[in-house]
$ cat my_file.txt   # compact mmCIF, C-alpha atoms
# COMPACT_ATOMS: atom_id res chain seq x y z
CA VAL Y 1 146.09 -71.74 35.96
CA GLN Y 2 142.62 -73.10 36.58
CA LEU Y 3 139.23 -72.10 35.26
CA GLN Y 4 136.30 -73.75 37.01
CA ALA Y 5 132.95 -73.51 35.27
CA SER Y 6 129.70 -74.21 37.05
CA GLY Y 7 125.99 -73.50 36.91
CA GLY Y 8 124.87 -75.77 34.12
CA GLY Y 9 121.87 -78.03 34.38
CA LEU Y 10 118.60 -79.21 32.91
CA VAL Y 11 116.10 -76.47 32.19
CA GLN Y 12 112.93 -76.12 30.17
CA ALA Y 13 112.83 -74.08 27.02
CA GLY Y 14 112.20 -70.45 27.85
CA GLY Y 15 113.96 -70.74 31.18
CA SER Y 16 117.16 -69.18 32.45
CA LEU Y 17 120.52 -70.20 33.82
CA ARG Y 18 123.53 -68.35 35.13
CA LEU Y 19 126.90 -69.89 34.45
CA SER Y 20 129.94 -68.94 36.47
CA CYS Y 21 133.62 -69.44 35.85
CA ALA Y 22 136.09 -68.88 38.67
CA ALA Y 23 139.72 -68.36 37.72
CA SER Y 24 142.87 -68.87 39.72
CA GLY Y 25 146.58 -68.82 39.06
CA LEU Y 26 146.52 -65.85 36.71
CA THR Y 27 146.27 -62.08 36.90
CA PHE Y 28 142.60 -62.05 36.06
CA SER Y 29 142.35 -58.41 35.04
CA ASN Y 30 145.01 -58.94 32.35
CA TYR Y 31 142.80 -61.36 30.46
CA ALA Y 32 139.80 -61.08 28.24
CA LEU Y 33 137.30 -63.86 28.90
CA GLY Y 34 135.12 -65.82 26.57
CA TRP Y 35 132.41 -68.45 26.58
CA PHE Y 36 132.22 -71.11 23.91
CA ARG Y 37 129.92 -74.10 23.51
CA GLN Y 38 130.02 -77.45 21.82
CA SER Y 39 127.17 -79.78 20.91
CA PRO Y 40 127.63 -83.44 19.97
CA GLY Y 41 128.90 -83.74 16.42
CA LYS Y 42 129.55 -80.03 16.09
CA GLU Y 43 132.61 -77.87 16.36
CA ARG Y 44 133.16 -75.63 19.32
CA GLU Y 45 131.54 -72.27 18.65
CA PHE Y 46 131.96 -68.81 20.05
CA VAL Y 47 129.19 -67.53 22.31
CA ALA Y 48 130.35 -64.36 24.06
CA ALA Y 49 133.44 -62.46 25.14
CA ILE Y 50 134.27 -59.59 27.45
CA SER Y 51 137.26 -57.28 27.59
CA ARG Y 52 139.52 -57.20 30.60
CA SER Y 53 137.82 -54.15 32.07
CA GLY Y 54 134.35 -55.36 31.20
CA GLY Y 55 133.74 -52.26 29.13
CA SER Y 56 133.33 -54.17 25.88
CA THR Y 57 131.29 -57.28 25.17
CA LYS Y 58 130.82 -59.34 22.02
CA TYR Y 59 128.17 -61.93 21.19
CA ALA Y 60 127.44 -64.50 18.55
CA ASP Y 61 124.42 -63.50 16.49
CA SER Y 62 122.56 -66.59 17.67
CA VAL Y 63 122.59 -65.45 21.29
CA LYS Y 64 122.33 -61.67 21.06
CA GLY Y 65 119.56 -60.33 23.23
CA ARG Y 66 119.32 -63.56 25.25
CA PHE Y 67 122.80 -64.02 26.72
CA THR Y 68 124.71 -61.55 28.86
CA ILE Y 69 128.36 -61.88 29.75
CA SER Y 70 129.80 -60.04 32.74
CA ARG Y 71 132.81 -60.23 35.02
CA ASP Y 72 133.81 -59.38 38.55
CA ASN Y 73 137.54 -58.73 38.67
CA ALA Y 74 137.49 -58.58 42.45
CA LYS Y 75 136.18 -62.15 42.54
CA ASN Y 76 138.16 -63.45 39.53
CA THR Y 77 134.91 -64.66 38.05
CA VAL Y 78 133.15 -64.37 34.72
CA TYR Y 79 129.45 -65.00 34.30
CA LEU Y 80 127.09 -65.91 31.50
CA GLN Y 81 123.44 -65.14 32.08
CA ILE Y 82 121.33 -67.19 29.71
CA ASP Y 83 117.70 -66.23 29.24
CA SER Y 84 114.95 -67.45 26.93
CA LEU Y 85 116.70 -70.77 26.48
CA LYS Y 86 116.09 -72.68 23.27
CA LEU Y 87 116.52 -76.36 22.49
CA GLU Y 88 119.46 -75.49 20.26
CA ASP Y 89 121.30 -73.97 23.23
CA THR Y 90 121.90 -77.49 24.54
CA ALA Y 91 125.68 -77.92 24.70
CA VAL Y 92 128.70 -78.09 26.94
CA TYR Y 93 129.68 -74.53 27.77
CA TYR Y 94 133.34 -73.66 28.23
CA CYS Y 95 134.94 -70.56 29.65
CA ALA Y 96 138.31 -69.43 28.40
CA ALA Y 97 140.88 -66.70 28.94
CA GLU Y 98 143.00 -64.89 26.40
CA ASN Y 99 145.60 -62.19 26.62
CA TRP Y 100 143.85 -58.82 26.71
CA SER Y 101 145.75 -57.56 23.66
CA ASN Y 102 144.06 -60.17 21.44
CA TYR Y 103 140.53 -59.28 22.41
CA TYR Y 104 139.43 -56.92 19.63
CA SER Y 105 141.01 -58.93 16.82
CA ASP Y 106 140.52 -62.48 18.04
CA TYR Y 107 137.68 -62.63 20.57
CA GLY Y 108 135.80 -65.20 18.51
CA ARG Y 109 138.72 -67.52 17.76
CA ALA Y 110 139.02 -70.46 20.09
CA ASP Y 111 142.62 -71.08 19.04
CA LYS Y 112 143.66 -67.70 20.42
CA TYR Y 113 142.56 -68.47 23.97
CA ASP Y 114 145.30 -69.54 26.34
CA TYR Y 115 143.39 -71.24 29.12
CA TRP Y 116 140.19 -73.29 29.23
CA GLY Y 117 137.81 -74.52 31.85
CA GLN Y 118 136.45 -78.05 31.97
CA GLY Y 119 132.98 -77.21 30.70
CA THR Y 120 129.52 -77.32 32.19
CA GLN Y 121 126.58 -79.09 30.56
CA VAL Y 122 123.46 -77.13 29.67
CA THR Y 123 120.50 -79.21 28.55
CA VAL Y 124 117.29 -77.58 27.40
CA SER Y 125 114.12 -79.66 27.32
CA SER Y 126 110.85 -78.98 25.53
$ encode --input "my_file.txt" --output "structure tokens"
Amino acid sequence: VQLQASGGGLVQAGGSLRLSCAASGLTFSNYALGWFRQSPGKEREFVAAISRSGGSTKYADSVKGRFTISRDNAKNTVYLQIDSLKLEDTAVYYCAAENWSNYYSDYGRADKYDYWGQGTQVTVSS
């Protein structure tokens, strides 16, 4: 199983980015997908998650209204649209996949995700 995240970069505060995560080696539609992030010296934190059908999405309070998670099951890809970037959004962003049955109870728990991508760096400048 491989999850390949991309789309990170250096952007000014207030700008936007679209992260992508392409999956292979798994039955994509059987998995809920999540995005997490980690800043230096901090623990990995939940950002957003989406159910296997895409019909349900969950967000951390800190990103609600600015981040949008979506998925394309035909392309085995999950996306994270990030708008109105803030300095505190600077982090390495990771995509992850968990069994669909865990989604509603465990979407925010990193330890419940089975597979992880390598991360993509997002740096926000002032």
$ residues_around --input "my_file.txt" --residues "Y:Gly117" --least-positions-apart "3" --cutoff "6 Å" --atoms "all atoms listed in the file" --output "number ranges by chain"
Y: 3-4, 94-95
$ residues_around --input "my_file.txt" --residues "Y:Ala48" --least-positions-apart "3" --cutoff "6 Å" --atoms "only C-alpha atoms" --output "PDB file with C-alpha atoms, in the frame of the given file"
ATOM      1  CA  GLY Y  34     135.120 -65.820  26.570  1.00  0.00           C
ATOM      2  CA  TRP Y  35     132.410 -68.450  26.580  1.00  0.00           C
ATOM      3  CA  LYS Y  58     130.820 -59.340  22.020  1.00  0.00           C
ATOM      4  CA  TYR Y  59     128.170 -61.930  21.190  1.00  0.00           C
TER       5      TYR Y  59
END
$ closest_residue --input "my_file.txt" --among "Y:Ser6, Y:Ser70, Y:Asn99, Y:Ser125" --to "Y:Asn30" --atoms "only C-alpha atoms"
Y:Asn99
$ closest_residue --input "my_file.txt" --among "Y:Gly8, Y:Gly65, Y:Gly25, Y:Gly108" --to "Y:Ile50" --atoms "only C-alpha atoms"
Y:Gly108
$ closest_residue --input "my_file.txt" --among "Y:Gln2, Y:Ser56, Y:Ser62, Y:Ser101" --to "Y:Tyr31" --atoms "all atoms listed in the file"
Y:Ser101
$ closest_residue --input "my_file.txt" --among "Y:Val124, Y:Cys21, Y:Ala97, Y:Leu85" --to "Y:Ala49" --atoms "only C-alpha atoms"
Y:Ala97
$ closest_residue --input "my_file.txt" --among "Y:Ala22, Y:Leu80, Y:Ala60, Y:Val47" --to "Y:Val1" --atoms "all atoms listed in the file"
Y:Ala22
$ residues_around --input "my_file.txt" --residues "Y:Ala74" --least-positions-apart "6" --cutoff "12 Å" --atoms "all atoms listed in the file" --output "MDAnalysis selection string"
chainID Y and resid 22:24 27:29 53
$ atom_distance --input "my_file.txt" --atom1 "atom CA of Y:Asp72" --atom2 "atom CA of Y:Glu45"
23.8 Å
$ residues_around --input "my_file.txt" --residues "Y:Trp100" --least-positions-apart "2" --cutoff "8 Å" --atoms "all atoms listed in the file" --output "number ranges by chain"
Y: 30-32, 51-52, 98, 102-103
$ closest_residue --input "my_file.txt" --among "Y:Arg71, Y:Arg66, Y:Arg18, Y:Lys42" --to "Y:Asp83" --atoms "all atoms listed in the file"
Y:Arg66
$ build_atoms --input "my_file.txt" --residues "stretch 58-69 of chain Y" --atoms "all heavy atoms" --output "PDB file, in the frame of the given file"
ATOM      1  N   LYS Y  58     131.105 -58.857  23.372  1.00  0.00           N
ATOM      2  CA  LYS Y  58     130.820 -59.340  22.020  1.00  0.00           C
ATOM      3  C   LYS Y  58     129.960 -60.595  22.125  1.00  0.00           C
ATOM      4  O   LYS Y  58     130.137 -61.390  23.051  1.00  0.00           O
ATOM      5  CB  LYS Y  58     132.113 -59.676  21.281  1.00  0.00           C
ATOM      6  CG  LYS Y  58     133.139 -58.539  21.213  1.00  0.00           C
ATOM      7  CD  LYS Y  58     132.691 -57.425  20.312  1.00  0.00           C
ATOM      8  CE  LYS Y  58     133.809 -56.376  20.172  1.00  0.00           C
ATOM      9  NZ  LYS Y  58     133.379 -55.227  19.329  1.00  0.00           N
ATOM     10  N   TYR Y  59     129.063 -60.776  21.160  1.00  0.00           N
ATOM     11  CA  TYR Y  59     128.170 -61.930  21.190  1.00  0.00           C
ATOM     12  C   TYR Y  59     128.042 -62.539  19.797  1.00  0.00           C
ATOM     13  O   TYR Y  59     128.084 -61.841  18.780  1.00  0.00           O
ATOM     14  CB  TYR Y  59     126.782 -61.528  21.666  1.00  0.00           C
ATOM     15  CG  TYR Y  59     126.743 -61.012  23.076  1.00  0.00           C
ATOM     16  CD1 TYR Y  59     126.840 -59.649  23.347  1.00  0.00           C
ATOM     17  CD2 TYR Y  59     126.621 -61.893  24.152  1.00  0.00           C
ATOM     18  CE1 TYR Y  59     126.824 -59.178  24.653  1.00  0.00           C
ATOM     19  CE2 TYR Y  59     126.599 -61.435  25.454  1.00  0.00           C
ATOM     20  CZ  TYR Y  59     126.700 -60.070  25.697  1.00  0.00           C
ATOM     21  OH  TYR Y  59     126.675 -59.613  26.989  1.00  0.00           O
ATOM     22  N   ALA Y  60     127.832 -63.839  19.787  1.00  0.00           N
ATOM     23  CA  ALA Y  60     127.440 -64.500  18.550  1.00  0.00           C
ATOM     24  C   ALA Y  60     126.029 -64.042  18.196  1.00  0.00           C
ATOM     25  O   ALA Y  60     125.213 -63.777  19.080  1.00  0.00           O
ATOM     26  CB  ALA Y  60     127.473 -66.013  18.728  1.00  0.00           C
ATOM     27  N   ASP Y  61     125.735 -63.956  16.912  1.00  0.00           N
ATOM     28  CA  ASP Y  61     124.420 -63.500  16.490  1.00  0.00           C
ATOM     29  C   ASP Y  61     123.295 -64.369  17.061  1.00  0.00           C
ATOM     30  O   ASP Y  61     122.209 -63.876  17.365  1.00  0.00           O
ATOM     31  CB  ASP Y  61     124.334 -63.499  14.959  1.00  0.00           C
ATOM     32  CG  ASP Y  61     125.162 -62.390  14.329  1.00  0.00           C
ATOM     33  OD1 ASP Y  61     125.523 -61.432  15.049  1.00  0.00           O
ATOM     34  OD2 ASP Y  61     125.463 -62.497  13.123  1.00  0.00           O
ATOM     35  N   SER Y  62     123.578 -65.652  17.218  1.00  0.00           N
ATOM     36  CA  SER Y  62     122.560 -66.590  17.670  1.00  0.00           C
ATOM     37  C   SER Y  62     122.133 -66.374  19.121  1.00  0.00           C
ATOM     38  O   SER Y  62     121.093 -66.892  19.542  1.00  0.00           O
ATOM     39  CB  SER Y  62     123.043 -68.026  17.499  1.00  0.00           C
ATOM     40  OG  SER Y  62     124.237 -68.231  18.225  1.00  0.00           O
ATOM     41  N   VAL Y  63     122.912 -65.622  19.880  1.00  0.00           N
ATOM     42  CA  VAL Y  63     122.590 -65.450  21.290  1.00  0.00           C
ATOM     43  C   VAL Y  63     122.342 -63.994  21.678  1.00  0.00           C
ATOM     44  O   VAL Y  63     121.977 -63.711  22.828  1.00  0.00           O
ATOM     45  CB  VAL Y  63     123.693 -66.040  22.197  1.00  0.00           C
ATOM     46  CG1 VAL Y  63     123.978 -67.484  21.823  1.00  0.00           C
ATOM     47  CG2 VAL Y  63     124.967 -65.199  22.159  1.00  0.00           C
ATOM     48  N   LYS Y  64     122.527 -63.084  20.749  1.00  0.00           N
ATOM     49  CA  LYS Y  64     122.330 -61.670  21.060  1.00  0.00           C
ATOM     50  C   LYS Y  64     120.926 -61.414  21.575  1.00  0.00           C
ATOM     51  O   LYS Y  64     119.951 -61.921  21.031  1.00  0.00           O
ATOM     52  CB  LYS Y  64     122.578 -60.816  19.811  1.00  0.00           C
ATOM     53  CG  LYS Y  64     124.030 -60.565  19.508  1.00  0.00           C
ATOM     54  CD  LYS Y  64     124.198 -59.699  18.267  1.00  0.00           C
ATOM     55  CE  LYS Y  64     125.660 -59.487  17.937  1.00  0.00           C
ATOM     56  NZ  LYS Y  64     125.841 -58.703  16.684  1.00  0.00           N
ATOM     57  N   GLY Y  65     120.847 -60.651  22.635  1.00  0.00           N
ATOM     58  CA  GLY Y  65     119.560 -60.330  23.230  1.00  0.00           C
ATOM     59  C   GLY Y  65     119.074 -61.347  24.241  1.00  0.00           C
ATOM     60  O   GLY Y  65     118.119 -61.085  24.972  1.00  0.00           O
ATOM     61  N   ARG Y  66     119.724 -62.517  24.293  1.00  0.00           N
ATOM     62  CA  ARG Y  66     119.320 -63.560  25.250  1.00  0.00           C
ATOM     63  C   ARG Y  66     120.417 -63.863  26.260  1.00  0.00           C
ATOM     64  O   ARG Y  66     120.122 -64.271  27.378  1.00  0.00           O
ATOM     65  CB  ARG Y  66     118.950 -64.843  24.503  1.00  0.00           C
ATOM     66  CG  ARG Y  66     117.815 -64.696  23.524  1.00  0.00           C
ATOM     67  CD  ARG Y  66     117.384 -66.064  22.973  1.00  0.00           C
ATOM     68  NE  ARG Y  66     118.436 -66.745  22.252  1.00  0.00           N
ATOM     69  CZ  ARG Y  66     118.949 -67.926  22.629  1.00  0.00           C
ATOM     70  NH1 ARG Y  66     118.496 -68.533  23.711  1.00  0.00           N
ATOM     71  NH2 ARG Y  66     119.890 -68.495  21.896  1.00  0.00           N
ATOM     72  N   PHE Y  67     121.672 -63.715  25.859  1.00  0.00           N
ATOM     73  CA  PHE Y  67     122.800 -64.020  26.720  1.00  0.00           C
ATOM     74  C   PHE Y  67     123.480 -62.715  27.132  1.00  0.00           C
ATOM     75  O   PHE Y  67     123.568 -61.771  26.349  1.00  0.00           O
ATOM     76  CB  PHE Y  67     123.837 -64.872  25.987  1.00  0.00           C
ATOM     77  CG  PHE Y  67     123.425 -66.306  25.730  1.00  0.00           C
ATOM     78  CD1 PHE Y  67     122.089 -66.693  25.702  1.00  0.00           C
ATOM     79  CD2 PHE Y  67     124.389 -67.270  25.503  1.00  0.00           C
ATOM     80  CE1 PHE Y  67     121.729 -68.002  25.456  1.00  0.00           C
ATOM     81  CE2 PHE Y  67     124.044 -68.597  25.250  1.00  0.00           C
ATOM     82  CZ  PHE Y  67     122.711 -68.958  25.229  1.00  0.00           C
ATOM     83  N   THR Y  68     123.974 -62.704  28.362  1.00  0.00           N
ATOM     84  CA  THR Y  68     124.710 -61.550  28.860  1.00  0.00           C
ATOM     85  C   THR Y  68     125.967 -62.011  29.578  1.00  0.00           C
ATOM     86  O   THR Y  68     125.880 -62.789  30.536  1.00  0.00           O
ATOM     87  CB  THR Y  68     123.860 -60.720  29.843  1.00  0.00           C
ATOM     88  OG1 THR Y  68     122.642 -60.320  29.205  1.00  0.00           O
ATOM     89  CG2 THR Y  68     124.623 -59.468  30.271  1.00  0.00           C
ATOM     90  N   ILE Y  69     127.105 -61.544  29.104  1.00  0.00           N
ATOM     91  CA  ILE Y  69     128.360 -61.880  29.750  1.00  0.00           C
ATOM     92  C   ILE Y  69     128.765 -60.724  30.658  1.00  0.00           C
ATOM     93  O   ILE Y  69     128.561 -59.552  30.324  1.00  0.00           O
ATOM     94  CB  ILE Y  69     129.469 -62.178  28.711  1.00  0.00           C
ATOM     95  CG1 ILE Y  69     130.733 -62.713  29.384  1.00  0.00           C
ATOM     96  CG2 ILE Y  69     129.764 -60.958  27.850  1.00  0.00           C
ATOM     97  CD1 ILE Y  69     131.768 -63.243  28.398  1.00  0.00           C
TER      98      ILE Y  69
END
